[in-house]
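**Student:** Structure supplied as coords.csv; contents: CSV, C-alpha atoms and all ligand atoms.
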```csv
chain,number,residue,atom,x,y,z
D,1,MET,CA,74.9,33.0,-3.9
D,2,LYS,CA,73.7,35.9,-2.0
D,3,SER,CA,70.9,35.2,0.4
D,4,ILE,CA,67.4,35.0,-0.9
D,5,LYS,CA,66.0,38.3,-2.0
D,6,PHE,CA,64.0,37.4,-5.1
D,7,ILE,CA,60.3,37.6,-5.0
D,8,LEU,CA,59.7,34.8,-2.5
D,9,MET,CA,56.2,36.0,-2.1
D,10,LEU,CA,55.6,33.6,-4.9
D,11,LEU,CA,56.6,30.8,-2.7
D,12,PHE,CA,54.0,31.8,-0.1
D,13,LEU,CA,51.4,30.1,-2.3
D,14,CYS,CA,53.0,26.8,-2.3
D,15,VAL,CA,53.3,25.7,1.3
D,16,LEU,CA,50.8,22.9,1.0
D,17,SER,CA,52.5,20.1,2.7
D,18,THR,CA,51.9,16.5,2.9
D,19,SER,CA,51.0,16.8,6.5
D,20,LEU,CA,47.8,18.5,5.4
D,21,TYR,CA,46.7,15.3,3.8
D,22,ALA,CA,48.0,12.9,6.3
D,23,GLN,CA,44.9,12.9,8.5
D,24,LYS,CA,42.9,9.7,8.3
D,25,ALA,CA,39.3,10.1,7.3
D,26,LYS,CA,37.0,8.7,9.9
D,27,LYS,CA,34.2,6.3,9.3
D,28,THR,CA,30.9,7.9,8.5
D,29,THR,CA,27.3,7.0,8.2
D,30,THR,CA,26.5,10.2,6.2
D,31,VAL,CA,28.9,9.7,3.3
D,32,LYS,CA,29.1,6.0,2.9
D,33,GLN,CA,32.4,5.8,1.1
D,34,LYS,CA,35.4,7.7,2.3
D,35,TYR,CA,34.8,11.1,0.8
D,36,GLY,CA,37.1,12.1,-1.9
D,37,CYS,CA,40.6,10.9,-2.1
D,38,SER,CA,42.7,13.4,-0.2
D,39,SER,CA,45.4,13.1,-2.9
D,40,GLU,CA,48.4,15.2,-2.4
D,41,ILE,CA,48.3,18.1,-4.7
D,42,PRO,CA,51.8,19.5,-5.0
D,43,VAL,CA,50.4,22.8,-6.2
D,44,ALA,CA,52.1,25.9,-6.3
D,45,LYS,CA,49.5,27.7,-8.1
D,46,MET,CA,49.8,31.4,-9.0
D,47,TYR,CA,46.6,33.1,-9.5
D,48,ILE,CA,46.3,35.2,-12.6
D,49,GLU,CA,43.2,37.1,-13.3
D,50,ASP,CA,41.9,35.5,-16.4
D,51,THR,CA,38.4,35.4,-17.8
D,52,THR,CA,39.1,32.8,-20.4
D,53,PRO,CA,36.9,29.9,-19.6
D,54,GLY,CA,38.7,27.0,-18.0
D,55,ARG,CA,38.1,23.3,-18.8
D,56,GLY,CA,39.0,19.7,-17.9
D,57,LEU,CA,42.0,19.8,-15.7
D,58,ALA,CA,45.4,18.2,-15.8
D,59,ASP,CA,48.7,19.4,-14.5
D,60,ASN,CA,50.8,19.6,-17.6
D,61,TYR,CA,53.9,20.2,-15.6
D,62,TYR,CA,53.7,16.7,-14.1
D,63,LEU,CA,52.7,14.7,-17.2
D,64,TRP,CA,54.8,11.7,-18.2
D,65,ASP,CA,56.4,11.7,-21.6
D,66,ASN,CA,54.0,10.7,-24.3
D,67,GLY,CA,54.4,7.0,-24.9
D,68,LYS,CA,55.9,6.4,-21.5
D,69,ILE,CA,56.1,2.9,-20.1
D,70,ILE,CA,55.3,3.5,-16.4
D,71,TYR,CA,56.6,0.8,-14.1
D,72,VAL,CA,54.2,0.0,-11.3
D,73,LYS,CA,54.8,-2.1,-8.2
D,74,PHE,CA,52.6,-3.3,-5.4
D,75,LEU,CA,54.0,-3.0,-1.9
D,76,SER,CA,51.2,-5.0,-0.3
D,77,GLY,CA,47.9,-6.7,-1.0
D,78,SER,CA,46.7,-10.1,-2.0
D,79,LYS,CA,47.4,-11.4,-5.5
D,80,SER,CA,43.7,-11.4,-6.4
D,81,LEU,CA,43.2,-7.8,-5.3
D,82,GLN,CA,46.4,-6.7,-7.1
D,83,ASP,CA,45.1,-8.4,-10.3
D,84,LYS,CA,41.8,-6.5,-10.1
D,85,VAL,CA,43.6,-3.2,-9.6
D,86,LYS,CA,45.9,-4.0,-12.6
D,87,THR,CA,42.9,-4.7,-14.8
D,88,ILE,CA,41.1,-1.6,-13.9
D,89,ALA,CA,44.1,0.7,-14.2
D,90,LYS,CA,44.7,-0.6,-17.7
D,91,GLU,CA,41.4,0.9,-18.8
D,92,TRP,CA,43.3,4.2,-19.2
D,93,GLU,CA,45.6,2.5,-21.7
D,94,LYS,CA,42.8,2.2,-24.1
D,95,TYR,CA,42.8,6.0,-24.6
D,96,ALA,CA,46.1,7.2,-23.4
D,97,ASN,CA,49.5,6.6,-25.1
D,98,ILE,CA,51.0,5.2,-21.9
D,99,LYS,CA,51.5,1.7,-20.6
D,100,PHE,CA,51.5,0.5,-17.1
D,101,HIS,CA,54.1,-2.2,-16.7
D,102,PHE,CA,53.6,-4.1,-13.5
D,103,VAL,CA,56.8,-5.4,-11.9
D,104,GLU,CA,57.5,-7.4,-8.8
D,105,VAL,CA,61.2,-6.5,-8.4
D,106,GLY,CA,63.5,-3.7,-9.4
D,107,PRO,CA,62.9,0.0,-9.7
D,108,SER,CA,59.4,1.4,-10.3
D,109,HIS,CA,57.8,4.8,-10.9
D,110,ILE,CA,54.5,4.1,-9.0
D,111,ARG,CA,54.3,2.1,-5.8
D,112,ILE,CA,51.0,1.0,-4.5
D,113,ASN,CA,50.0,0.3,-0.9
D,114,LEU,CA,46.9,-1.8,-0.5
D,115,ASP,CA,45.8,-1.4,3.1
D,116,ASP,CA,42.8,-1.2,5.4
D,117,LYS,CA,43.5,2.4,6.3
D,118,GLY,CA,45.1,5.6,5.0
D,119,GLY,CA,42.3,6.6,2.6
D,120,HIS,CA,42.8,6.8,-1.1
D,121,ASN,CA,45.5,9.0,-2.6
D,122,SER,CA,48.2,9.3,-5.2
D,123,LEU,CA,50.9,11.7,-6.2
D,124,ILE,CA,50.2,13.7,-9.3
D,125,GLY,CA,52.0,12.3,-12.4
D,126,THR,CA,55.8,12.6,-12.4
D,127,MET,CA,55.9,13.9,-8.8
D,128,ALA,CA,56.2,10.2,-8.0
D,129,ILE,CA,59.8,10.2,-9.4
D,130,SER,CA,61.1,12.1,-6.5
D,131,VAL,CA,59.9,9.6,-3.9
D,132,PRO,CA,62.5,7.0,-2.6
D,133,GLN,CA,62.1,3.5,-4.0
D,134,ASP,CA,61.0,2.1,-0.7
D,135,GLU,CA,58.1,4.5,-0.2
D,136,LYS,CA,54.6,4.3,-1.7
D,137,THR,CA,53.2,6.9,-4.1
D,138,MET,CA,49.6,5.6,-4.1
D,139,ASN,CA,47.4,4.3,-1.4
D,140,PHE,CA,44.1,2.4,-1.4
D,141,ASP,CA,42.0,1.8,1.6
D,142,THR,CA,40.5,-1.6,0.8
D,143,THR,CA,37.8,-1.3,3.4
D,144,ASP,CA,36.1,0.8,0.8
D,145,PHE,CA,36.3,-2.0,-1.8
D,146,LYS,CA,33.1,-3.7,-0.6
D,147,THR,CA,31.5,-3.5,-4.1
D,148,TYR,CA,33.3,-3.8,-7.4
D,149,ALA,CA,31.8,-0.5,-8.5
D,150,ALA,CA,33.4,1.4,-5.6
D,151,MET,CA,36.8,-0.3,-6.3
D,152,TYR,CA,36.5,0.4,-10.0
D,153,ARG,CA,35.8,4.1,-9.7
D,154,THR,CA,38.4,4.5,-7.0
D,155,VAL,CA,41.2,2.8,-8.9
D,156,LEU,CA,40.4,4.8,-12.1
D,157,HIS,CA,40.4,8.0,-10.1
D,158,GLU,CA,43.8,7.4,-8.4
D,159,PHE,CA,45.4,6.3,-11.6
D,160,GLY,CA,44.0,9.4,-13.2
D,161,HIS,CA,46.0,11.4,-10.7
D,162,ALA,CA,49.0,9.2,-11.3
D,163,ILE,CA,49.0,10.2,-15.0
D,164,GLY,CA,48.6,13.9,-14.2
D,165,LEU,CA,44.9,14.6,-13.8
D,166,LEU,CA,43.5,16.9,-11.2
D,167,HIS,CA,40.1,17.1,-9.5
D,168,GLU,CA,37.5,18.2,-11.9
D,169,HIS,CA,35.7,20.3,-9.4
D,170,TYR,CA,38.7,22.7,-9.3
D,171,SER,CA,37.7,23.9,-12.7
D,172,PRO,CA,37.3,27.7,-12.7
D,173,ILE,CA,34.1,27.3,-14.7
D,174,SER,CA,32.5,24.6,-12.6
D,175,GLY,CA,30.1,27.3,-11.5
D,176,ILE,CA,29.4,25.4,-8.2
D,177,HIS,CA,27.8,27.7,-5.6
D,178,TRP,CA,29.1,26.1,-2.5
D,179,ASN,CA,27.5,26.5,0.9
D,180,LYS,CA,31.0,26.4,2.4
D,181,GLU,CA,29.9,26.5,6.0
D,182,ALA,CA,27.7,23.4,5.5
D,183,VAL,CA,30.6,21.6,3.8
D,184,TYR,CA,33.2,22.5,6.5
D,185,ARG,CA,30.7,21.3,9.2
D,186,GLU,CA,29.8,18.0,7.6
D,187,LEU,CA,33.3,16.9,6.5
D,188,LYS,CA,34.7,17.8,9.9
D,189,GLN,CA,32.1,15.7,11.6
D,190,THR,CA,32.1,12.7,9.2
D,191,GLN,CA,35.6,12.6,7.9
D,192,GLY,CA,37.6,14.6,10.4
D,193,TRP,CA,38.8,17.0,7.8
D,194,THR,CA,40.1,20.4,8.9
D,195,LYS,CA,38.9,23.6,7.2
D,196,GLU,CA,42.3,23.7,5.3
D,197,MET,CA,41.7,20.2,4.0
D,198,VAL,CA,38.3,21.1,2.7
D,199,ASP,CA,39.7,24.3,1.1
D,200,VAL,CA,42.4,22.4,-0.6
D,201,ASN,CA,40.4,19.4,-1.7
D,202,LEU,CA,37.2,21.1,-2.7
D,203,PHE,CA,37.3,24.9,-3.0
D,204,GLN,CA,40.5,25.7,-4.8
D,205,GLN,CA,40.4,26.7,-8.4
D,206,TYR,CA,43.1,26.4,-11.0
D,207,ASN,CA,43.8,28.9,-13.6
D,208,VAL,CA,43.4,28.6,-17.3
D,209,ASN,CA,46.9,27.2,-17.8
D,210,TYR,CA,45.6,23.9,-16.5
D,211,THR,CA,42.9,23.6,-19.1
D,212,ASN,CA,43.3,21.5,-22.2
D,213,GLY,CA,40.5,22.5,-24.4
D,214,THR,CA,37.8,20.4,-22.8
D,215,LYS,CA,34.7,21.7,-20.9
D,216,TYR,CA,33.8,21.4,-17.3
D,217,ASP,CA,32.7,17.8,-16.9
D,218,PRO,CA,30.5,16.9,-13.9
D,219,LYS,CA,30.6,13.3,-15.1
D,220,SER,CA,34.4,13.1,-14.8
D,221,ILE,CA,35.8,10.3,-12.8
D,222,MET,CA,38.0,13.0,-11.3
D,223,HIS,CA,35.0,14.9,-9.9
D,224,TYR,CA,34.1,14.4,-6.2
D,225,PRO,CA,30.4,13.9,-5.4
D,226,VAL,CA,28.7,17.1,-4.5
D,227,PHE,CA,25.6,16.8,-2.3
D,228,ALA,CA,22.7,19.2,-2.9
D,229,ARG,CA,22.8,20.2,0.8
D,230,TRP,CA,26.3,21.6,0.1
D,231,THR,CA,25.3,24.0,-2.5
D,232,THR,CA,23.1,27.1,-2.3
D,233,ASP,CA,21.1,26.2,-5.4
D,234,ASN,CA,20.7,22.4,-4.8
D,235,TYR,CA,23.3,21.6,-7.5
D,236,SER,CA,24.6,18.1,-7.1
D,237,VAL,CA,27.0,15.6,-8.6
D,238,ASN,CA,26.7,11.9,-8.0
D,239,TRP,CA,29.5,9.4,-7.6
D,240,ASN,CA,30.8,8.9,-11.1
D,241,ASN,CA,31.6,5.3,-11.7
D,242,GLN,CA,33.4,5.2,-15.0
D,243,LEU,CA,35.4,7.3,-17.4
D,244,SER,CA,33.3,10.0,-19.0
D,245,GLU,CA,33.5,11.1,-22.6
D,246,GLY,CA,35.3,14.2,-21.2
D,247,ASP,CA,37.9,12.1,-19.4
D,248,ILE,CA,38.6,10.1,-22.6
D,249,ALA,CA,38.8,13.3,-24.7
D,250,LEU,CA,41.2,14.9,-22.3
D,251,ILE,CA,43.5,12.0,-21.9
D,252,LYS,CA,43.7,11.5,-25.6
D,253,LEU,CA,44.9,15.1,-25.9
D,254,LEU,CA,47.5,14.7,-23.2
D,255,TYR,CA,48.8,11.4,-24.4
D,256,PRO,CA,47.9,11.2,-28.1
D,257,LYS,CA,48.4,7.8,-29.7
D,258,ASP,CA,49.3,9.4,-33.0
D,259,GLY,CA,51.1,12.7,-33.2
D,260,GLU,CA,52.6,15.0,-30.6
D,261,ARG,CA,51.2,16.5,-27.5
D,262,LEU,CA,50.0,19.9,-28.4
D,263,ASN,CA,50.3,21.8,-25.2
D,264,GLU,CA,53.8,21.2,-23.8
D,265,ALA,CA,54.8,22.6,-20.4
D,266,PRO,CA,58.3,22.5,-18.9
D,267,ARG,CA,58.3,19.0,-17.3
D,268,PHE,CA,61.2,18.8,-14.9
D,269,THR,CA,61.8,16.0,-12.4
D,270,VAL,CA,64.1,15.8,-9.4
D,271,SER,CA,65.2,12.3,-8.4
D,272,ASP,CA,67.8,10.4,-6.4
D,273,TYR,CA,68.1,13.0,-3.6
D,274,THR,CA,70.3,11.4,-1.0
D,275,ASN,CA,71.4,14.0,1.5
D,276,THR,CA,72.5,17.6,2.0
D,277,ARG,CA,76.1,17.9,3.2
D,278,VAL,CA,76.8,21.0,5.2
D,279,VAL,CA,80.3,22.5,5.8
D,280,ASN,CA,81.0,25.6,7.9
D,281,SER,CA,84.0,27.7,7.3
D,282,ASP,CA,85.5,30.4,9.6
D,283,VAL,CA,87.6,31.5,6.6
D,284,LYS,CA,84.5,32.1,4.4
D,285,GLN,CA,82.5,33.2,7.5
D,286,GLY,CA,79.6,31.1,6.5
D,287,ILE,CA,78.0,27.8,5.7
D,288,SER,CA,78.2,25.8,2.4
D,289,ILE,CA,75.4,23.5,1.6
D,290,TYR,CA,75.8,20.6,-0.9
D,291,PRO,CA,72.5,18.8,-1.8
D,292,SER,CA,72.9,15.6,-3.7
D,293,PHE,CA,70.3,15.0,-6.5
D,294,ASN,CA,69.6,14.6,-10.2
D,295,ILE,CA,67.4,16.7,-12.3
D,296,SER,CA,65.9,15.8,-15.7
D,297,THR,CA,64.3,18.2,-18.1
D,298,ALA,CA,61.6,17.8,-20.8
D,299,GLY,CA,58.9,19.7,-22.5
D,300,ARG,CA,60.1,23.3,-22.6
D,301,PRO,CA,63.0,25.3,-21.1
D,302,ALA,CA,62.3,27.0,-17.7
D,303,ARG,CA,63.9,28.7,-14.8
D,304,VAL,CA,64.6,26.6,-11.7
D,305,TYR,CA,65.5,27.7,-8.1
D,306,PHE,CA,67.5,25.5,-5.8
D,307,ILE,CA,66.9,26.7,-2.3
D,308,ALA,CA,68.1,25.9,1.2
D,309,PHE,CA,65.8,27.0,4.0
D,310,PHE,CA,67.0,27.2,7.6
D,311,TYR,CA,65.3,26.2,10.8
D,312,ASP,CA,66.4,26.0,14.4
D,313,ALA,CA,67.1,22.7,16.1
D,314,ASP,CA,63.5,22.3,17.1
D,315,GLY,CA,62.3,22.8,13.5
D,316,ASN,CA,61.0,26.3,13.9
D,317,PRO,CA,61.8,28.5,10.8
D,318,ILE,CA,64.4,31.1,11.3
D,319,MET,CA,62.7,34.4,10.4
D,320,LYS,CA,64.7,37.1,8.9
D,321,ASP,CA,62.7,39.8,10.5
D,322,GLY,CA,59.8,39.9,13.0
D,323,THR,CA,58.0,36.9,14.3
D,324,THR,CA,55.1,36.6,11.8
D,325,TYR,CA,55.5,33.5,9.8
D,326,SER,CA,55.8,33.8,6.1
D,327,ILE,CA,57.8,31.6,3.9
D,328,SER,CA,59.3,34.6,2.1
D,329,LYS,CA,60.9,35.6,5.4
D,330,ILE,CA,62.6,32.3,6.3
D,331,ALA,CA,66.4,32.5,6.2
D,332,ALA,CA,67.4,30.9,3.0
D,333,THR,CA,69.9,30.9,0.2
D,334,TYR,CA,69.5,29.9,-3.4
D,335,LYS,CA,70.9,29.4,-6.9
D,336,THR,CA,68.9,29.8,-10.1
D,337,ALA,CA,69.3,28.8,-13.7
D,338,VAL,CA,67.4,28.5,-16.9
D,339,LEU,CA,67.6,24.9,-18.0
D,340,ASP,CA,67.1,23.6,-21.5
D,341,VAL,CA,65.2,20.5,-22.3
D,342,ASN,CA,66.4,16.9,-22.5
D,343,GLN,CA,69.1,17.3,-20.0
D,344,LYS,CA,70.0,15.0,-17.2
D,345,LEU,CA,72.0,16.9,-14.6
D,346,SER,CA,73.6,15.7,-11.4
D,347,ALA,CA,74.6,17.7,-8.3
D,348,ASN,CA,77.1,16.4,-5.8
D,349,LYS,CA,77.0,12.9,-7.1
D,350,SER,CA,80.8,12.7,-7.4
D,351,LYS,CA,83.7,14.3,-5.6
D,352,PHE,CA,84.4,16.6,-8.5
D,353,ASP,CA,80.9,17.9,-8.7
D,354,GLU,CA,80.5,20.7,-6.2
D,355,PHE,CA,77.1,22.3,-6.4
D,356,GLU,CA,77.2,24.7,-3.6
D,357,LEU,CA,74.7,27.0,-1.9
D,358,PHE,CA,76.3,29.4,0.6
D,359,ILE,CA,74.9,31.5,3.4
D,360,PRO,CA,77.0,33.9,5.5
D,361,TYR,CA,77.0,33.6,9.3
D,362,ASN,CA,75.5,37.0,9.7
D,363,GLU,CA,72.2,35.8,8.0
D,364,LEU,CA,71.7,33.2,10.7
D,365,PRO,CA,71.5,33.6,14.4
D,366,VAL,CA,75.0,32.1,14.8
D,367,ILE,CA,76.4,32.2,18.4
D,368,LYS,CA,79.9,31.6,19.8
D,369,GLY,CA,80.2,27.9,20.7
D,370,LYS,CA,77.9,25.2,19.5
D,371,ASN,CA,75.2,25.9,16.9
D,372,ASN,CA,72.4,23.6,15.9
D,373,PHE,CA,70.3,24.2,12.8
D,374,GLN,CA,68.2,22.3,10.4
D,375,VAL,CA,68.3,22.7,6.6
D,376,GLU,CA,65.7,21.8,4.0
D,377,PHE,CA,66.4,21.7,0.3
D,378,ARG,CA,63.7,22.6,-2.2
D,379,VAL,CA,63.6,22.9,-6.0
D,380,TYR,CA,61.1,25.2,-7.7
D,381,LEU,CA,60.3,25.8,-11.3
D,382,ILE,CA,59.0,29.1,-12.5
D,383,ASP,CA,57.3,29.3,-15.9
D,384,ASP,CA,55.6,32.5,-16.8
D,385,LYS,CA,53.4,33.1,-13.7
D,386,GLU,CA,53.3,29.5,-12.6
D,387,LEU,CA,55.4,28.3,-9.7
D,388,LYS,CA,55.8,24.6,-9.3
D,389,ILE,CA,57.5,22.7,-6.6
D,390,LEU,CA,59.7,20.0,-7.9
D,391,TYR,CA,61.3,18.7,-4.7
D,392,GLN,CA,61.2,19.2,-1.0
D,393,SER,CA,63.6,17.3,1.2
D,394,LYS,CA,63.2,16.2,4.7
D,395,ARG,CA,65.0,18.5,7.1
D,396,SER,CA,68.4,17.5,8.2
D,397,LEU,CA,70.1,18.6,11.4
D,398,PHE,CA,73.6,20.0,11.4
D,399,ASN,CA,75.8,21.6,14.0
D,400,PHE,CA,79.2,23.3,14.3
D,401,ILE,CA,81.3,25.1,16.8
D,402,LYS,CA,81.9,28.8,16.1
D,403,SER,CA,85.0,30.2,17.8
Z,501,ZN,ZN,41.5,12.6,-6.1
```
Rewrite the structure from the file as structure tokens, please.

**Tutor:**
Amino acid sequence: MKSIKFILMLLFLCVLSTSLYAQKAKKTTTVKQKYGCSSEIPVAKMYIEDTTPGRGLADNYYLWDNGKIIYVKFLSGSKSLQDKVKTIAKEWEKYANIKFHFVEVGPSHIRINLDDKGGHNSLIGTMAISVPQDEKTMNFDTTDFKTYAAMYRTVLHEFGHAIGLLHEHYSPISGIHWNKEAVYRELKQTQGWTKEMVDVNLFQQYNVNYTNGTKYDPKSIMHYPVFARWTTDNYSVNWNNQLSEGDIALIKLLYPKDGERLNEAPRFTVSDYTNTRVVNSDVKQGISIYPSFNISTAGRPARVYFIAFFYDADGNPIMKDGTTYSISKIAATYKTAVLDVNQKLSANKSKFDEFELFIPYNELPVIKGKNNFQVEFRVYLIDDKELKILYQSKRSLFNFIKS
């Protein structure tokens, strides 16, 4: 319960936030369809130097249980459009041992917004579980559905993310020689993407932990098109319109119809977060934080960190020293534990259940009189050298009078 002193440098690598992807892609004449899908990649990747060749990419930490029946609900869209999306999504079921069960009422794992804006995106795999039931986890911009081919490839791609697949061009052995300046320039002009969005969506590379024995596959439905003018050697990849042999091989490995998944990662999910209760105590000379959530574990045991980060009333992070921003310097407190598999744990879901994080007054800029702070609750998983974010709450404001 002491304040955070562990190697939070790790966390520095995982500050990709949803806002990065929130910008709407603009219409373009150069790239006819909205380029790419700006899917939210909740990565917290740790680079390890590794010369082992990488291959087809999936995030094994966010895979569903093999054999999972995944409940899917539409939040909008015409019946006929919904029916088309359903039919296309089910293409994955031919090869993967999962089922998409479409429901109209009740709880769901995946929720789809069919809209005329917002681009195409989806959360990766089980990350969707942490999202409140009234919020979407996948978006389609139907203005791109002018041809069946465009709709077909887009739906397959987003459902690929929804079952845990990553962009194929992140492969460390893609060998793509990007002309980065040309890409930054064009995507800024045509899609309104910032340099950071281009870096995240195109140029990042995953390490070998994310490979599953398949080769780099330029025909993958998960590969963005790459235009020859974007590479220094005229290498290009066209729009891929269907599942490739590589996609099929990969998904069969991840969700085998007979037998067990070979490469199991710790697959933990945080759900049902409701709020973070904050209580100050002059007796304890500090602040107790009680986040309310559930956590389920599968795959393999792993260490998790439950962390509360502190911000001022305006939302600026409270830095422990200096003014240079770094997530490892934000005032914070945490608890950590190694969790075994097949557990369903609750925190602060009943009055007997006091899961407490504590920070002493002297680690925050507490003043006499009224104090206003914001707190944000996050859950991370650490497995070997990988750091994965499992949950990030919205910030909640709290105040107290210090005598
Ligand atoms: Zn994508």

**Student:** At what distance in Å, to one decimal, does atom CA of D:Ala313 lie from atom CA of D:Val279?

**Tutor:** 16.7 Å

**Student:** With a distance cut-off of 9 Å and all atoms listed in the file, select the neighbouring residues of stretch 237-249 of chain D, excluding the residue or stretch itself and same-chain residues fewer than 5 positions from it, and output the selection as a PyMOL selection string.

**Tutor:** chain D and resi 56+91-92+95-96+149-150+152-154+156-157+214-228+254

**Student:** Just write the chosen residues, C-alpha atoms, as an mmCIF file, in the coordinates of the input.

**Tutor:**
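Saved to out25.cif:
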```
data_model
loop_
_atom_site.group_PDB
_atom_site.id
_atom_site.type_symbol
_atom_site.label_atom_id
_atom_site.label_comp_id
_atom_site.auth_asym_id
_atom_site.auth_seq_id
_atom_site.Cartn_x
_atom_site.Cartn_y
_atom_site.Cartn_z
ATOM 1 C CA GLY D 56 39.000 19.700 -17.900
ATOM 2 C CA GLU D 91 41.400 0.900 -18.800
ATOM 3 C CA TRP D 92 43.300 4.200 -19.200
ATOM 4 C CA TYR D 95 42.800 6.000 -24.600
ATOM 5 C CA ALA D 96 46.100 7.200 -23.400
ATOM 6 C CA ALA D 149 31.800 -0.500 -8.500
ATOM 7 C CA ALA D 150 33.400 1.400 -5.600
ATOM 8 C CA TYR D 152 36.500 0.400 -10.000
ATOM 9 C CA ARG D 153 35.800 4.100 -9.700
ATOM 10 C CA THR D 154 38.400 4.500 -7.000
ATOM 11 C CA LEU D 156 40.400 4.800 -12.100
ATOM 12 C CA HIS D 157 40.400 8.000 -10.100
ATOM 13 C CA THR D 214 37.800 20.400 -22.800
ATOM 14 C CA LYS D 215 34.700 21.700 -20.900
ATOM 15 C CA TYR D 216 33.800 21.400 -17.300
ATOM 16 C CA ASP D 217 32.700 17.800 -16.900
ATOM 17 C CA PRO D 218 30.500 16.900 -13.900
ATOM 18 C CA LYS D 219 30.600 13.300 -15.100
ATOM 19 C CA SER D 220 34.400 13.100 -14.800
ATOM 20 C CA ILE D 221 35.800 10.300 -12.800
ATOM 21 C CA MET D 222 38.000 13.000 -11.300
ATOM 22 C CA HIS D 223 35.000 14.900 -9.900
ATOM 23 C CA TYR D 224 34.100 14.400 -6.200
ATOM 24 C CA PRO D 225 30.400 13.900 -5.400
ATOM 25 C CA VAL D 226 28.700 17.100 -4.500
ATOM 26 C CA PHE D 227 25.600 16.800 -2.300
ATOM 27 C CA ALA D 228 22.700 19.200 -2.900
ATOM 28 C CA LEU D 254 47.500 14.700 -23.200
#
```

**Student:** Kindly indicate which residue among D:Arg185, D:His109, D:Lys84, D:His161 lies nearest to ligand ZN 501 (chain Z), using only C-alpha atoms and all ligand atoms for the distances.

**Tutor:** D:His161

**Student:** So that I can see what lies close to stretch 299-310 of chain D, please list as a VMD selection string the residues with an atom at most 9 Å from it, counting all atoms listed in the file and leaving out residues fewer than 6 positions away in the same chain.

**Tutor:** chain D and resid 4 61 65 264 to 268 289 291 316 to 319 330 to 342 357 to 358 364 373 to 384 395

**Student:** Between D:Ser76, D:Thr143, D:Asn66, D:Asn201, which residue has the minimum interatomic distance to ligand ZN 501 (chain Z), considering only C-alpha atoms and all ligand atoms?

**Tutor:**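 Once distances to ligand ZN 501 (chain Z) are computed over only C-alpha atoms and all ligand atoms, the minimum belongs to D:Asn201.
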
**Student:** Counting all atoms listed in the file, what is within 10 Å of D:Tyr62, bar same-chain residues fewer than 2 positions away, as a list in words?

**Tutor:** Pro42, Ala58, Asp59, Asn60, Trp64, Asp65, Leu123, Ile124, Gly125, Thr126, Met127, Ala128, His161, Ala162, Ile163, Gly164, Leu165, Ala265, Pro266, Arg267, Phe268, Thr269, Lys388 and Leu390 of chain D

**Student:** Distance atom CA of D:Leu63-atom CA of D:Val198, one decimal place?

**Tutor:**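 We find that atom CA of D:Leu63 and atom CA of D:Val198 lie 25.4 Å from each other.
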
**Student:** Could you tell me how far atom CA of D:Gln204 lies from atom CA of D:His169, in Å and to one decimal?

**Tutor:**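 One can read the atom CA of D:Gln204 to atom CA of D:His169 distance as 8.6 Å.
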
**Student:** Would you list the residues near (53.1, 4.3, -13.3) (no more than 6 Å away, in the coordinates of the file, using only C-alpha atoms) as a PyMOL selection string?

**Tutor:** chain D and resi 70-72+100+109-110

**Student:** Hey, which of D:Phe159, D:Tyr148, D:Tyr391, D:Phe355 ends up closest to ligand ZN 501 (chain Z)? Count all atoms listed in the file.

**Tutor:**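 Of the candidates, the smallest distance to ligand ZN 501 (chain Z) is held by D:Phe159.
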
**Student:** Within 7 Å of stretch 193-195 of chain D, counting only C-alpha atoms, which residues qualify if same-chain residues fewer than 3 places away don't, as a PDB file with C-alpha atoms, in the frame of the given file?

**Tutor:**
```pdb
ATOM      1  CA  ALA D  25      39.300  10.100   7.300  1.00  0.00           C
ATOM      2  CA  TYR D 184      33.200  22.500   6.500  1.00  0.00           C
ATOM      3  CA  LEU D 187      33.300  16.900   6.500  1.00  0.00           C
ATOM      4  CA  LYS D 188      34.700  17.800   9.900  1.00  0.00           C
ATOM      5  CA  VAL D 198      38.300  21.100   2.700  1.00  0.00           C
ATOM      6  CA  ASP D 199      39.700  24.300   1.100  1.00  0.00           C
TER       7      ASP D 199
END
```
